[in-house]
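Q: I am sharing work21.tsv, which consists of TSV, C-alpha atoms and all ligand atoms:
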```tsv
chain	number	residue	atom	x	y	z
A	132	MET	CA	-3.94	15.44	8.71
A	133	PRO	CA	-3.29	11.73	8.27
A	134	GLY	CA	-0.19	11.21	10.47
A	135	PHE	CA	-2.37	9.91	13.28
A	136	GLU	CA	-4.25	7.63	10.88
A	137	LEU	CA	-1.08	5.62	10.31
A	138	ILE	CA	-0.03	5.05	13.93
A	139	ASN	CA	0.55	1.33	14.39
A	140	SER	CA	2.99	-1.22	15.75
A	141	GLN	CA	5.97	0.66	14.26
A	142	GLU	CA	5.52	3.61	16.63
A	143	LYS	CA	4.93	1.15	19.46
A	144	LYS	CA	8.12	-0.71	18.65
A	145	GLU	CA	10.19	2.48	18.67
A	146	VAL	CA	8.76	3.51	22.03
A	147	GLU	CA	9.23	0.04	23.49
A	148	SER	CA	12.90	0.05	22.56
A	149	ILE	CA	13.41	3.01	24.93
A	150	PHE	CA	12.50	0.57	27.71
A	151	THR	CA	13.99	-2.66	26.41
A	152	LYS	CA	17.30	-1.30	25.08
A	153	GLY	CA	17.56	2.18	26.55
A	154	GLY	CA	16.92	1.45	30.22
A	155	GLY	CA	13.78	3.60	30.21
A	156	THR	CA	15.74	6.85	29.69
A	157	LEU	CA	13.21	9.53	28.76
A	158	PHE	CA	15.54	12.57	28.81
A	159	ARG	CA	17.42	13.49	25.66
A	160	HIS	CA	20.69	14.21	27.49
A	161	SER	CA	22.99	12.42	29.96
A	162	TYR	CA	22.56	8.95	31.61
A	163	GLN	CA	25.12	7.42	29.22
A	164	ASP	CA	25.51	4.21	31.20
A	165	LEU	CA	21.78	3.59	31.57
A	166	ARG	CA	20.65	4.38	28.03
A	167	LYS	CA	23.24	2.32	26.13
A	168	LYS	CA	23.38	4.54	23.05
A	169	SER	CA	19.58	4.95	22.83
A	170	TYR	CA	19.15	8.58	21.71
A	171	LYS	CA	15.72	8.87	20.07
A	172	VAL	CA	15.46	12.68	19.84
A	173	ALA	CA	18.98	13.02	18.43
A	174	GLU	CA	18.29	10.26	15.90
A	175	PHE	CA	14.99	11.87	14.92
A	176	GLU	CA	16.77	15.21	14.33
A	177	LYS	CA	19.43	13.49	12.23
A	178	ASN	CA	16.90	11.65	10.06
A	179	PHE	CA	14.62	14.66	9.70
A	180	LYS	CA	17.35	17.01	8.46
A	181	LYS	CA	18.63	14.30	6.11
A	182	THR	CA	15.15	13.73	4.66
A	183	LEU	CA	14.54	17.45	4.10
A	184	LYS	CA	18.13	18.18	3.04
A	185	SER	CA	19.05	20.73	5.67
A	186	LYS	CA	22.26	21.19	7.67
A	187	TYR	CA	20.95	21.49	11.23
A	188	ALA	CA	17.81	20.32	13.03
A	189	LEU	CA	16.51	20.97	16.52
A	190	ALA	CA	13.54	19.13	17.99
A	191	VAL	CA	11.27	21.00	20.43
A	192	THR	CA	8.03	20.47	22.34
A	193	SER	CA	5.59	21.97	19.81
A	194	GLY	CA	5.26	23.95	16.60
A	195	THR	CA	4.46	27.02	18.68
A	196	ALA	CA	7.67	26.49	20.66
A	197	ALA	CA	9.56	26.10	17.37
A	198	LEU	CA	8.37	29.56	16.30
A	199	ARG	CA	9.34	31.07	19.67
A	200	VAL	CA	12.79	29.46	19.55
A	201	ALA	CA	13.27	30.65	15.94
A	202	ILE	CA	12.66	34.24	17.00
A	203	ALA	CA	15.10	33.83	19.90
A	204	ALA	CA	17.72	32.47	17.48
A	205	LEU	CA	17.55	35.69	15.44
A	206	ASN	CA	18.50	37.80	18.48
A	207	LEU	CA	15.63	40.22	17.99
A	208	LYS	CA	15.01	42.99	20.50
A	209	ASN	CA	11.90	44.15	22.32
A	210	GLY	CA	9.84	46.25	19.96
A	211	ASP	CA	11.36	44.86	16.75
A	212	GLU	CA	8.64	44.28	14.21
A	213	ILE	CA	7.79	40.88	12.75
A	214	ILE	CA	5.45	40.63	9.78
A	215	THR	CA	3.23	37.61	9.24
A	216	GLN	CA	0.12	36.77	7.23
A	217	SER	CA	-3.58	37.09	8.09
A	218	PHE	CA	-4.42	33.44	7.34
A	219	THR	CA	-2.49	31.29	9.81
A	220	PHE	CA	-3.02	29.58	13.15
A	221	VAL	CA	-3.10	31.89	16.18
A	222	ALA	CA	0.21	30.34	17.36
A	223	THR	CA	2.20	32.37	14.82
A	224	ILE	CA	1.12	35.66	16.42
A	225	GLU	CA	1.44	34.24	19.94
A	226	ALA	CA	5.10	33.38	19.35
A	227	ILE	CA	5.76	36.96	18.22
A	228	LEU	CA	4.00	38.41	21.27
A	229	GLU	CA	5.80	36.05	23.67
A	230	SER	CA	9.16	37.20	22.30
A	231	GLY	CA	8.37	40.86	23.04
A	232	CYS	CA	8.35	41.73	19.35
A	233	LYS	CA	5.58	43.61	17.60
A	234	PRO	CA	3.32	41.66	15.24
A	235	LYS	CA	2.20	43.19	11.98
A	236	VAL	CA	-0.27	41.25	9.86
A	237	VAL	CA	-0.39	41.37	6.08
A	238	ASN	CA	-3.16	40.36	3.67
A	239	ILE	CA	-3.02	37.19	1.59
A	240	ASP	CA	-3.10	36.71	-2.18
A	241	ASN	CA	-4.32	33.92	-4.47
A	242	THR	CA	-2.00	31.44	-2.74
A	243	LEU	CA	-3.95	32.23	0.48
A	244	ASN	CA	-0.48	32.99	1.89
A	245	LEU	CA	1.53	36.19	2.40
A	246	ASP	CA	1.04	38.58	-0.51
A	247	PRO	CA	4.51	39.85	-1.58
A	248	LEU	CA	3.07	43.14	-2.88
A	249	GLU	CA	1.33	43.88	0.41
A	250	LEU	CA	4.44	42.80	2.27
A	251	LYS	CA	6.53	45.37	0.42
A	252	LYS	CA	4.14	48.15	1.44
A	253	LYS	CA	4.15	47.17	5.12
A	254	ILE	CA	7.89	46.94	5.73
A	255	THR	CA	9.35	49.74	7.88
A	256	SER	CA	12.82	50.41	9.32
A	257	LYS	CA	11.69	48.47	12.41
A	258	THR	CA	10.85	45.28	10.51
A	259	LYS	CA	13.44	42.65	11.40
A	260	ALA	CA	11.78	39.38	10.41
A	261	ILE	CA	8.99	37.86	8.36
A	262	ILE	CA	7.12	34.69	9.29
A	263	VAL	CA	5.68	33.30	6.09
A	264	VAL	CA	3.23	30.40	6.46
A	265	HIS	CA	2.68	27.64	3.88
A	266	MET	CA	-0.88	27.41	5.08
A	267	LEU	CA	-2.40	23.92	4.75
A	268	GLY	CA	0.51	22.89	2.53
A	269	THR	CA	0.35	25.26	-0.43
A	270	PRO	CA	3.71	27.04	-0.80
A	271	ALA	CA	3.85	30.82	-0.44
A	272	LYS	CA	5.51	32.85	-3.22
A	273	MET	CA	8.97	32.31	-1.77
A	274	SER	CA	11.10	33.69	-4.64
A	275	GLU	CA	9.38	37.07	-4.41
A	276	ILE	CA	9.31	37.10	-0.61
A	277	ILE	CA	12.99	36.14	-0.24
A	278	LYS	CA	13.99	38.78	-2.78
A	279	ILE	CA	12.15	41.52	-0.87
A	280	ALA	CA	13.56	40.32	2.47
A	281	ARG	CA	17.16	40.10	1.26
A	282	ALA	CA	17.05	43.59	-0.24
A	283	LYS	CA	16.00	44.96	3.16
A	284	LYS	CA	18.21	42.60	5.23
A	285	ILE	CA	15.16	41.09	6.90
A	286	LYS	CA	15.24	37.49	8.13
A	287	VAL	CA	12.69	34.94	6.95
A	288	ILE	CA	11.14	32.24	9.13
A	289	GLU	CA	9.00	29.68	7.29
A	290	ASP	CA	6.15	28.36	9.42
A	291	THR	CA	5.98	24.91	7.85
A	292	ALA	CA	3.52	23.45	10.37
A	293	TRP	CA	1.73	22.46	7.17
A	294	GLY	CA	3.81	21.66	4.14
A	295	CYS	CA	6.26	19.24	5.75
A	296	GLY	CA	7.80	17.36	2.81
A	297	GLY	CA	6.48	19.80	0.19
A	298	ARG	CA	8.95	21.37	-2.22
A	299	TYR	CA	9.61	24.69	-3.89
A	300	GLY	CA	11.86	24.13	-6.88
A	301	SER	CA	14.55	21.74	-5.69
A	302	LYS	CA	14.26	22.79	-2.05
A	303	TYR	CA	12.01	21.47	0.66
A	304	LEU	CA	9.60	23.90	2.29
A	305	GLY	CA	11.17	25.11	5.51
A	306	THR	CA	14.69	25.17	4.05
A	307	ILE	CA	14.34	28.22	1.77
A	308	GLY	CA	14.32	31.04	4.32
A	309	ASP	CA	16.69	31.43	7.28
A	310	ILE	CA	14.82	29.09	9.64
A	311	GLY	CA	12.02	26.59	9.04
A	312	THR	CA	9.64	25.54	11.81
A	313	PHE	CA	7.48	22.41	11.90
A	314	SER	CA	4.66	21.09	14.07
A	315	PHE	CA	3.94	17.49	14.97
A	316	ASP	CA	0.69	18.05	16.81
A	317	HIS	CA	-2.07	15.51	16.31
A	318	ALA	CA	-3.57	17.27	13.27
A	319	LYS	CA	-0.40	17.50	11.20
A	320	ALA	CA	0.98	15.29	8.41
A	321	MET	CA	3.28	13.61	10.90
A	322	THR	CA	2.62	13.60	14.61
A	323	THR	CA	4.37	12.97	17.90
A	324	GLY	CA	1.27	13.88	19.91
A	325	GLU	CA	2.81	17.26	20.62
A	326	GLY	CA	6.13	18.26	19.14
A	327	GLY	CA	7.99	20.46	16.73
A	328	MET	CA	11.23	20.91	14.82
A	329	LEU	CA	13.43	23.69	13.47
A	330	LEU	CA	15.69	23.48	10.42
A	331	PHE	CA	18.65	25.78	9.77
A	332	ASN	CA	21.41	26.13	7.24
A	333	ASN	CA	23.15	28.81	9.34
A	334	LYS	CA	25.24	27.34	12.15
A	335	ASN	CA	25.05	30.41	14.40
A	336	PHE	CA	21.25	30.48	14.35
A	337	PHE	CA	21.26	26.76	15.14
A	338	LEU	CA	23.67	27.09	18.06
A	339	LYS	CA	21.72	30.00	19.54
A	340	ALA	CA	18.42	28.12	19.17
A	341	LYS	CA	19.88	24.95	20.65
A	342	ALA	CA	21.18	26.76	23.72
A	343	TRP	CA	18.07	28.92	24.15
A	344	HIS	CA	15.64	26.01	24.05
A	345	ASP	CA	17.65	24.36	26.86
A	346	HIS	CA	18.12	27.10	29.54
A	347	GLY	CA	21.19	28.42	27.73
A	348	HIS	CA	23.04	25.06	27.84
A	349	GLU	CA	25.67	25.02	25.10
A	350	ASP	CA	25.95	21.23	25.31
A	351	ASN	CA	29.71	21.63	25.58
A	352	LYS	CA	31.17	18.15	25.27
A	353	ARG	CA	34.26	19.11	27.30
A	354	PHE	CA	32.19	19.33	30.47
A	355	PRO	CA	29.58	17.26	32.24
A	356	ARG	CA	26.07	18.73	31.87
A	357	TRP	CA	26.09	20.29	35.34
A	358	LYS	CA	29.24	22.26	34.45
A	359	ASP	CA	28.01	23.15	30.94
A	360	THR	CA	28.98	26.54	29.48
A	361	ARG	CA	26.38	29.29	28.78
A	362	LYS	CA	26.27	32.78	27.36
A	363	SER	CA	22.63	33.80	27.80
A	364	HIS	CA	19.47	32.75	29.55
A	365	GLY	CA	16.98	30.59	27.69
A	366	PHE	CA	13.91	28.51	28.41
A	367	ASN	CA	12.90	24.86	28.34
A	368	PHE	CA	11.41	23.59	25.10
A	369	ARG	CA	13.24	20.23	24.98
A	370	MET	CA	11.61	17.31	23.23
A	371	ASN	CA	11.59	14.06	25.23
A	372	GLU	CA	12.56	10.58	24.11
A	373	LEU	CA	8.99	9.27	23.84
A	374	GLN	CA	8.17	11.96	21.27
A	375	GLY	CA	11.47	11.34	19.48
A	376	ALA	CA	10.70	7.62	19.20
A	377	VAL	CA	7.24	8.23	17.70
A	378	GLY	CA	8.76	10.81	15.35
A	379	LEU	CA	11.26	8.27	14.01
A	380	ALA	CA	8.44	5.93	12.97
A	381	GLN	CA	6.21	8.72	11.64
A	382	LEU	CA	8.97	10.21	9.50
A	383	LYS	CA	9.17	6.96	7.55
A	384	LYS	CA	5.48	7.42	6.62
A	385	LEU	CA	5.67	11.06	5.58
A	386	ASN	CA	6.21	10.34	1.92
A	387	LYS	CA	3.22	8.02	1.79
A	388	VAL	CA	1.04	10.69	3.39
A	389	ILE	CA	1.97	13.57	1.13
A	390	THR	CA	1.99	11.50	-2.04
A	391	PHE	CA	-1.57	10.44	-1.30
A	392	GLN	CA	-2.67	14.01	-0.53
A	393	ASN	CA	-1.09	15.31	-3.69
A	394	LYS	CA	-2.64	12.66	-5.94
A	395	PHE	CA	-6.03	12.98	-4.28
A	396	SER	CA	-6.04	16.69	-4.89
A	397	LYS	CA	-4.97	16.32	-8.54
A	398	LYS	CA	-7.68	13.73	-9.25
A	399	LEU	CA	-10.38	15.90	-7.70
A	400	LYS	CA	-9.21	19.02	-9.51
A	401	VAL	CA	-9.47	17.33	-12.88
A	402	LYS	CA	-13.03	16.24	-12.15
A	403	ILE	CA	-14.30	19.67	-11.11
A	404	SER	CA	-12.18	21.90	-13.33
A	405	LYS	CA	-15.18	23.00	-15.43
A	406	LEU	CA	-17.15	24.32	-12.45
A	407	PRO	CA	-17.30	28.08	-11.72
A	408	ILE	CA	-14.61	27.90	-9.01
A	409	GLU	CA	-10.93	28.74	-8.65
A	410	PHE	CA	-8.04	27.02	-6.94
A	411	ARG	CA	-5.17	28.34	-4.86
A	412	TYR	CA	-2.25	29.43	-6.99
A	413	TYR	CA	1.03	27.55	-6.97
A	414	SER	CA	3.70	27.49	-9.63
A	415	LYS	CA	4.43	24.34	-11.63
A	416	LYS	CA	7.85	24.19	-10.00
A	417	THR	CA	6.34	23.50	-6.60
A	418	TYR	CA	5.11	20.32	-4.97
A	419	PRO	CA	2.40	21.20	-2.45
A	420	THR	CA	1.31	18.95	0.36
A	421	GLU	CA	-2.46	19.05	0.49
A	422	ASP	CA	-3.69	18.62	4.01
A	423	SER	CA	-7.02	19.90	2.82
A	424	PHE	CA	-8.51	20.41	-0.59
A	425	ILE	CA	-9.47	24.06	-0.97
A	426	PHE	CA	-11.54	25.69	-3.68
A	427	ILE	CA	-12.61	29.29	-4.02
A	428	THR	CA	-16.23	30.04	-4.93
A	429	LYS	CA	-17.67	33.24	-6.39
A	430	ASN	CA	-19.15	34.45	-3.08
A	431	LYS	CA	-19.70	33.62	0.56
A	432	ASN	CA	-23.25	32.29	0.07
A	433	ILE	CA	-22.11	29.77	-2.49
A	434	ALA	CA	-19.32	28.65	-0.16
A	435	LEU	CA	-21.81	28.13	2.67
A	436	LYS	CA	-24.16	26.21	0.37
A	437	CYS	CA	-21.34	23.91	-0.74
A	438	ARG	CA	-20.42	23.33	2.87
A	439	LYS	CA	-23.99	22.46	3.78
A	440	ARG	CA	-24.33	20.04	0.89
A	441	LEU	CA	-20.98	18.38	1.70
A	442	LEU	CA	-21.92	17.96	5.36
A	443	GLN	CA	-25.30	16.48	4.41
A	444	ASN	CA	-23.39	13.88	2.46
A	445	LYS	CA	-21.02	13.19	5.38
A	446	ILE	CA	-18.03	14.89	3.81
A	447	GLY	CA	-16.46	17.05	6.51
A	448	THR	CA	-15.38	20.59	5.85
A	449	LYS	CA	-12.65	22.17	7.88
A	450	ILE	CA	-11.33	25.61	8.78
A	451	LEU	CA	-13.09	27.36	5.86
A	452	PRO	CA	-15.60	28.83	5.61
A	453	GLU	CA	-17.16	28.35	9.04
A	454	ALA	CA	-14.21	27.92	11.33
A	455	ILE	CA	-11.83	30.64	10.27
A	456	SER	CA	-11.93	32.10	13.76
A	457	TRP	CA	-8.74	30.39	14.99
A	458	HIS	CA	-7.04	30.86	11.62
A	459	PHE	CA	-7.77	34.42	10.61
A	460	ALA	CA	-6.12	37.36	12.39
A	461	GLY	CA	-9.02	39.70	11.57
A	462	ASP	CA	-11.18	37.71	14.04
A	463	TRP	CA	-8.82	37.90	17.01
A	464	GLU	CA	-10.50	40.53	19.14
A	465	HIS	CA	-8.69	39.10	22.17
A	466	ILE	CA	-5.26	40.17	20.86
A	467	LYS	CA	-5.07	43.90	21.52
A	468	GLU	CA	-1.71	44.31	19.76
A	469	ILE	CA	-3.30	43.79	16.33
A	470	GLN	CA	-6.62	45.61	16.78
A	471	ASN	CA	-5.51	48.56	14.66
A	472	GLN	CA	-5.01	46.18	11.72
A	473	ARG	CA	-8.44	44.55	11.72
A	474	LYS	CA	-10.04	46.93	9.29
A	475	TYR	CA	-7.20	46.50	6.80
A	476	LEU	CA	-7.60	42.72	7.09
A	477	GLN	CA	-11.17	42.76	5.78
A	478	LYS	CA	-9.69	42.16	2.34
A	479	SER	CA	-8.43	38.77	3.53
A	480	ARG	CA	-11.77	37.99	5.14
A	481	LYS	CA	-13.59	38.60	1.85
A	482	LEU	CA	-11.35	36.05	0.17
A	483	LEU	CA	-11.40	33.45	2.98
A	484	GLU	CA	-15.19	33.58	3.22
A	485	ARG	CA	-15.40	32.39	-0.37
A	486	CYS	CA	-13.24	29.33	0.31
A	487	VAL	CA	-14.33	25.80	1.12
A	488	SER	CA	-11.83	23.37	2.62
A	489	ILE	CA	-12.24	19.60	2.66
A	490	PRO	CA	-9.80	17.60	4.80
A	491	ILE	CA	-8.05	14.73	3.00
A	492	TYR	CA	-7.94	11.42	4.89
A	493	LEU	CA	-5.79	8.51	3.80
A	494	LYS	CA	-8.11	5.89	5.23
A	495	LYS	CA	-11.04	7.07	3.11
A	496	GLY	CA	-8.98	6.38	-0.02
A	497	TYR	CA	-9.46	7.79	-3.51
A	498	LYS	CA	-13.04	6.58	-3.79
A	499	VAL	CA	-14.43	9.73	-2.09
A	500	VAL	CA	-13.03	11.78	-4.98
A	501	ASN	CA	-15.96	10.78	-7.18
A	502	LYS	CA	-18.45	11.38	-4.41
A	503	ILE	CA	-17.15	14.89	-3.69
A	504	ALA	CA	-17.03	15.72	-7.39
A	505	LYS	CA	-20.64	14.63	-7.82
A	506	ILE	CA	-21.85	16.68	-4.86
A	507	LEU	CA	-20.08	19.78	-6.13
A	508	LYS	CA	-21.33	19.30	-9.67
A	509	ASP	CA	-24.90	19.00	-8.37
A	510	GLU	CA	-24.49	22.15	-6.32
A	511	LEU	CA	-22.53	24.33	-8.71
A	512	SER	CA	-23.42	23.49	-12.30
B	601	LIG	C1	-0.29	23.74	14.11
B	601	LIG	C2	0.27	25.06	13.79
B	601	LIG	C3	1.20	25.72	14.61
B	601	LIG	C4	1.49	25.30	16.02
B	601	LIG	O1	1.87	24.02	16.21
B	601	LIG	P1	1.61	23.27	17.59
B	601	LIG	O2	2.50	22.09	17.45
B	601	LIG	O3	0.16	22.90	17.64
B	601	LIG	O4	2.02	24.16	18.70
B	601	LIG	C5	1.80	26.88	14.15
B	601	LIG	N1	1.48	27.40	12.96
B	601	LIG	C6	0.55	26.83	12.16
B	601	LIG	C7	0.26	27.45	10.83
B	601	LIG	C8	-0.09	25.66	12.57
B	601	LIG	O5	-1.05	25.14	11.77
```
Let's see the structure in the file written out as structure tokens.
A:
Amino acid sequence: MPGFELINSQEKKEVESIFTKGGGTLFRHSYQDLRKKSYKVAEFEKNFKKTLKSKYALAVTSGTAALRVAIAALNLKNGDEIITQSFTFVATIEAILESGCKPKVVNIDNTLNLDPLELKKKITSKTKAIIVVHMLGTPAKMSEIIKIARAKKIKVIEDTAWGCGGRYGSKYLGTIGDIGTFSFDHAKAMTTGEGGMLLFNNKNFFLKAKAWHDHGHEDNKRFPRWKDTRKSHGFNFRMNELQGAVGLAQLKKLNKVITFQNKFSKKLKVKISKLPIEFRYYSKKTYPTEDSFIFITKNKNIALKCRKRLLQNKIGTKILPEAISWHFAGDWEHIKEIQNQRKYLQKSRKLLERCVSIPIYLKKGYKVVNKIAKILKDELS
């Protein structure tokens, strides 16, 4: 969440330099004479992939666009099946539908992410890709998921809209599967207002994604843009220079954001560890980003009572338990393509209804840790 909390003169300075140094060039390509080497989007891509130790990066207009471009990069056909998890933002399913592929939704486990055991059961000969989501920053069980996918030659997209800067072993989230996608909307750990990014280690996926997000333009340096080479159609999901400039400043703050979230969460956990609640699972080898602090109560009524008590004390709760509707596939009556899976997804609902999620804000500092702990102790012990 806190990316927007840290917007200050640094973002302003980056944007201003587009006008002072770069001749006001807002398009990522062309206008060499006017822009005088001011390439904000390209620089943002370069810094982002360096920070997260990946080979190729492509900036796009949103996290939803990043998912759509990722599917295009994999050359999937109409009717190919893509599996994702029940607890995610609606965008994940929308990207699958927009690509003409068939969404299949799988229940979650104690990570609140894709359950590898359920995944195994749901794979068919038509399954060509998996979109695993590190929901709200807790890593999914990537070792197990990658192993299952590799054995079946299925590609893995990591929806890292949350989890930017988090790690799994020595790797950053979003660099473990075949393609990682990121969102920089206003609610995410870093923001460009609207915006997104893809990371790749495979050059062919990168080149396909780059062309597809830009009407098929191959960005062939031997030709001027109007004579550029192309092999397929595409679409327009190009990031503009204003977003790139803000991204450059925000990226420098990412570490501060996730370090705070991580410490906040650890401090709070210690204080409430004796209460009759559980926490999301993650292995000791991982470094989660903690957009929100989530705990799992014994039943739905207790979760609702905790929520009520927190709200009375001016501590916001978010997404769970009351607002799962945009984040739980079992509630999406408006998406006809997944109606036949809603009954199966009740298992996820039972788990999500027991969860309480408290957003972590940098500006409120660590002092709210004690306050939250006291409220929960009063309610639960
Ligand atoms: C935010 C989000 C997206 C979409 O990102 P936008 O930039 O808002 O389009 C996709 N997946 C998840 C899990 C998200 O939370």
Q: Could the residues that lie within 8 Å of ligand LIG 601 (chain B), counting all atoms listed in the file, be listed as number ranges by chain?
A: A: 192-198, 219-223, 264-267, 290-293, 313-319, 325-327
Q: At a cut-off of 12 Å from (-5.6, 18.4, -5.6) in the coordinates of the file, what residues are picked up using only C-alpha atoms, written as a PyMOL selection string?
A: chain A and resi 268-269+389-404+410-413+418-426+488-491+497+500+504
Q: Would you export the selected residues with C-alpha atoms as an mmCIF file, keeping the file's coordinate frame, please?
A:
```cif
data_model
loop_
_atom_site.group_PDB
_atom_site.id
_atom_site.type_symbol
_atom_site.label_atom_id
_atom_site.label_comp_id
_atom_site.auth_asym_id
_atom_site.auth_seq_id
_atom_site.Cartn_x
_atom_site.Cartn_y
_atom_site.Cartn_z
ATOM 1 C CA GLY A 268 0.510 22.890 2.530
ATOM 2 C CA THR A 269 0.350 25.260 -0.430
ATOM 3 C CA ILE A 389 1.970 13.570 1.130
ATOM 4 C CA THR A 390 1.990 11.500 -2.040
ATOM 5 C CA PHE A 391 -1.570 10.440 -1.300
ATOM 6 C CA GLN A 392 -2.670 14.010 -0.530
ATOM 7 C CA ASN A 393 -1.090 15.310 -3.690
ATOM 8 C CA LYS A 394 -2.640 12.660 -5.940
ATOM 9 C CA PHE A 395 -6.030 12.980 -4.280
ATOM 10 C CA SER A 396 -6.040 16.690 -4.890
ATOM 11 C CA LYS A 397 -4.970 16.320 -8.540
ATOM 12 C CA LYS A 398 -7.680 13.730 -9.250
ATOM 13 C CA LEU A 399 -10.380 15.900 -7.700
ATOM 14 C CA LYS A 400 -9.210 19.020 -9.510
ATOM 15 C CA VAL A 401 -9.470 17.330 -12.880
ATOM 16 C CA LYS A 402 -13.030 16.240 -12.150
ATOM 17 C CA ILE A 403 -14.300 19.670 -11.110
ATOM 18 C CA SER A 404 -12.180 21.900 -13.330
ATOM 19 C CA PHE A 410 -8.040 27.020 -6.940
ATOM 20 C CA ARG A 411 -5.170 28.340 -4.860
ATOM 21 C CA TYR A 412 -2.250 29.430 -6.990
ATOM 22 C CA TYR A 413 1.030 27.550 -6.970
ATOM 23 C CA TYR A 418 5.110 20.320 -4.970
ATOM 24 C CA PRO A 419 2.400 21.200 -2.450
ATOM 25 C CA THR A 420 1.310 18.950 0.360
ATOM 26 C CA GLU A 421 -2.460 19.050 0.490
ATOM 27 C CA ASP A 422 -3.690 18.620 4.010
ATOM 28 C CA SER A 423 -7.020 19.900 2.820
ATOM 29 C CA PHE A 424 -8.510 20.410 -0.590
ATOM 30 C CA ILE A 425 -9.470 24.060 -0.970
ATOM 31 C CA PHE A 426 -11.540 25.690 -3.680
ATOM 32 C CA SER A 488 -11.830 23.370 2.620
ATOM 33 C CA ILE A 489 -12.240 19.600 2.660
ATOM 34 C CA PRO A 490 -9.800 17.600 4.800
ATOM 35 C CA ILE A 491 -8.050 14.730 3.000
ATOM 36 C CA TYR A 497 -9.460 7.790 -3.510
ATOM 37 C CA VAL A 500 -13.030 11.780 -4.980
ATOM 38 C CA ALA A 504 -17.030 15.720 -7.390
#
```
Q: Within 12 Å of A:Ala190, counting all atoms listed in the file, which residues show up once you throw out same-chain ones fewer than 6 positions away? Write them as an MDAnalysis selection string, please.
A: chainID A and resid 159 171:180 196:198 200:201 311:315 323 325:331 337 340:341 344:345 367:372 374:376 378:379
Q: Please measure the separation of atom CA of A:Cys437 and atom CA of A:Leu245, giving the value in Å to one decimal.
A: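 Straight-line distance from atom CA of A:Cys437 to atom CA of A:Leu245 works out to 26.1 Å.
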Q: As an exercise, work out the distance from atom CA of A:Val191 to atom CA of A:Thr322 in Å and give it to one decimal place.
A: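 Value for the atom CA of A:Val191-atom CA of A:Thr322 distance: 12.8 Å.
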Q: Identify, on the basis of all atoms listed in the file, every residue whose closest approach to A:Glu212 does not exceed 12 Å; exclude the query and any residue fewer than 3 positions from it along the same chain; express the result as a list in words.
A: Ile202, Leu207, Lys208, Asn209, Thr215, Ile224, Ile227, Leu228, Ser230, Gly231, Cys232, Lys233, Pro234, Lys235, Val236, Lys253, Ile254, Thr255, Ser256, Lys257, Thr258, Lys259, Ala260, Ile261, Ile262, Ile285, Lys286 and Glu468 of chain A
Q: Write out as a list of chain:residue names the residues lying within 10 Å of A:Ser363, counting only C-alpha atoms and excluding same-chain residues fewer than 3 positions away.
A: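 Here the qualifying residues turn out to be A:Lys339, A:Ala342, A:Trp343, A:His346, A:Gly347, A:His348, A:Glu349, A:Thr360.
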Q: Between atom CA of A:Lys445 and atom CA of A:Glu510, what is the distance in Å, rounded to a tenth?
A: 15.1 Å
Q: Is it possible to add N, CA, C and O atoms to stretch 235-242 of chain A and hand it back as a CSV table (one decimal), in the frame of the given file?
A:
```csv
chain,number,residue,atom,x,y,z
A,235,LYS,N,2.9,42.4,13.0
A,235,LYS,CA,2.2,43.2,12.0
A,235,LYS,C,1.6,42.2,11.0
A,235,LYS,O,2.4,41.3,10.6
A,236,VAL,N,0.4,42.3,10.7
A,236,VAL,CA,-0.3,41.2,9.9
A,236,VAL,C,-0.6,41.8,8.5
A,236,VAL,O,-1.1,42.9,8.3
A,237,VAL,N,-0.3,41.0,7.5
A,237,VAL,CA,-0.4,41.4,6.1
A,237,VAL,C,-1.4,40.5,5.4
A,237,VAL,O,-1.6,39.3,5.7
A,238,ASN,N,-2.1,41.1,4.4
A,238,ASN,CA,-3.2,40.4,3.7
A,238,ASN,C,-2.6,39.2,2.8
A,238,ASN,O,-1.4,39.2,2.5
A,239,ILE,N,-3.4,38.3,2.4
A,239,ILE,CA,-3.0,37.2,1.6
A,239,ILE,C,-3.4,37.4,0.1
A,239,ILE,O,-4.2,38.3,-0.2
A,240,ASP,N,-2.8,36.6,-0.8
A,240,ASP,CA,-3.1,36.7,-2.2
A,240,ASP,C,-3.7,35.4,-2.7
A,240,ASP,O,-4.3,34.6,-1.8
A,241,ASN,N,-3.7,35.1,-3.9
A,241,ASN,CA,-4.3,33.9,-4.5
A,241,ASN,C,-3.7,32.6,-4.1
A,241,ASN,O,-4.1,31.5,-4.4
A,242,THR,N,-2.5,32.7,-3.3
A,242,THR,CA,-2.0,31.4,-2.7
A,242,THR,C,-2.7,31.2,-1.4
A,242,THR,O,-2.5,30.1,-0.8
```
